[in-house]
Amino acid sequence: MSYKLLTYAAPEGPRAGVLLNNRVHDAQALARKASYATMHGILADWDEADALFASLDPATLGDGKALADTTLLPPLLYPGQIWAAGANYQDHIGEMADHEYKAVNAKTISGGRPWHFSKSVRSVAAPGSAIPLPHYSSKVDWEIELAVVIGRQASRVAARDALDYVAGYTIANDLSARDFVAREGIEPSSPFRYDWLSHKGFDGACPMGPWIVPARDIRDPGKLDMKLWLDGEIMQDSSTRHMIFDIGEQIEEISARITMYPGDVILTGTPSGVGMGRGFFLKSGQNLRLWIEGIGELEHSVV
């Protein structure tokens, strides 16, 4: 049975839930395991949890709660780590040529290896959030990304085996303050030039959700269409097939340097269509809708 995992707001606080036939069921109650009250508890026991939830027959369960009556939180409160791939779509590199990157092949300038930065785990925001634009920036941009959720401890994993360590997939918006890519007055050659905290780590900089789709239900994460709309106008329209470094290569690179754990997340890069290439940025009151094939839609606004 296909299912989705989510975190929802309950009177007693955040709870992990299982979405079946548009009804939300409490994960702990279904599994009768106290640790399944949280998404981290489920992911720490991923192989057993996945098998259990996939075997459920909705006809034998209680009514649950209607999805429309459920307040969704980010599916992971909070990821252990968020690793984000930079410059991982060639068309995005091209549109940023006059700003951040040179329009040359990323595999050449990267030395043939994926390149990642980290985002603050506290920057994660819920579906439907009204995210405050950072007070210091006037150039906040959008970036739709396929987010990979790790479900098994991974250390020095080969790319060919890497998908075995993935629990599932969700959607993220890697919001970016483009006017704070670099610190003013710092020489380009200086190691202190780049300002990743201001650029990528502000409050609400990582809307995520609405749920996690188990890896078993995504036949090929390297062939998923993806779109982003701003106030109903499409801005990004691409596919994960255009990644420069695929998910396996990214997991291999990260796990070669640091052990990855259940609940860690990888943002796999964004295609072209961001505001920087168009010369305009987010304004208060605007609404964004992000869609990835096989996962669903994530919506949020900015204020």
# chains A, B, ... in the order shown; residues from 1 in each chain; ligands from 1

$ select_by_dssp --residues "stretch 179-293 of chain A" --states "helix (DSSP H, G or I)" --output "PyMOL selection string"
chain A and resi 179-180+196-200+215-217+240-242+247-255+275-278

$ select_by_dssp --residues "stretch 48-265 of chain A" --states "strand (DSSP E)" --output "PyMOL selection string"
chain A and resi 65-66+72-73+82-85+116-118+124-125+130-131+140-141+144-150+166-173+176-177+206-214+225-230+233-239+265

$ closest_atom_pairs --of "stretch 24-96 of chain A" --to "stretch 208-213 of chain A" --cutoff "10 Å" --atoms "only C-alpha atoms" --output "tab-separated table"
residue	atom	partner	partner_atom	distance
A:Met39	CA	A:Ile212	CA	9.9
A:Leu72	CA	A:Pro210	CA	7.1
A:Leu73	CA	A:Pro210	CA	7.8
A:Pro74	CA	A:Gly209	CA	5.6
A:Pro75	CA	A:Trp211	CA	5.4
A:Leu76	CA	A:Met208	CA	8.4

$ write_last_selection --atoms "C-alpha atoms" --output "compact mmCIF listing (two decimals), in the first residue's frame"
# COMPACT_ATOMS: atom_id res chain seq x y z
CA MET A 39 9.80 11.33 12.40
CA LEU A 72 1.04 20.16 8.63
CA LEU A 73 4.48 20.94 10.03
CA PRO A 74 7.77 20.31 8.24
CA PRO A 75 8.02 16.54 7.85
CA LEU A 76 11.31 16.67 9.80

$ residues_around --residues "A:Ser129" --least-positions-apart "2" --cutoff "12 Å" --atoms "only C-alpha atoms" --output "ChimeraX atom specification"
/A:71-74,124-127,131-133,203-210,285-289,298-303

$ closest_residue --among "A:Pro11, A:Pro221, A:Gly248, A:Gly263" --to "A:Val157" --atoms "only C-alpha atoms"
A:Gly248

$ closest_residue --among "A:Ile186, A:Ile150, A:Leu267, A:Ala27" --to "A:Trp46" --atoms "only C-alpha atoms"
A:Ile150

$ closest_residue --among "A:Gly80, A:Pro14, A:Gly62, A:Gly86" --to "A:Thr270" --atoms "only C-alpha atoms"
A:Gly86

$ closest_residue --among "A:Ser284, A:Asn21, A:Ser137, A:Ser238" --to "A:Ser272" --atoms "only C-alpha atoms"
A:Ser238

$ closest_residue --among "A:Ser123, A:Gln236, A:Glu293, A:Asp26" --to "A:Gly277" --atoms "only C-alpha atoms"
A:Gln236

$ closest_residue --among "A:Trp83, A:Leu56, A:Arg23, A:Met1" --to "A:Asp264" --atoms "only C-alpha atoms"
A:Trp83

$ atom_distance --atom1 "atom CA of A:Glu233" --atom2 "atom CA of A:Glu145"
18.0 Å

$ atom_distance --atom1 "atom CA of A:Tyr36" --atom2 "atom CA of A:Arg219"
25.9 Å

$ atom_distance --atom1 "atom CA of A:Ala130" --atom2 "atom CA of A:Ala85"
25.3 Å

$ residues_around --residues "A:Gly269" --least-positions-apart "2" --cutoff "9 Å" --atoms "only C-alpha atoms" --output "VMD selection string"
chain A and resid 84 to 89 143 to 147 174 240 243 267 271
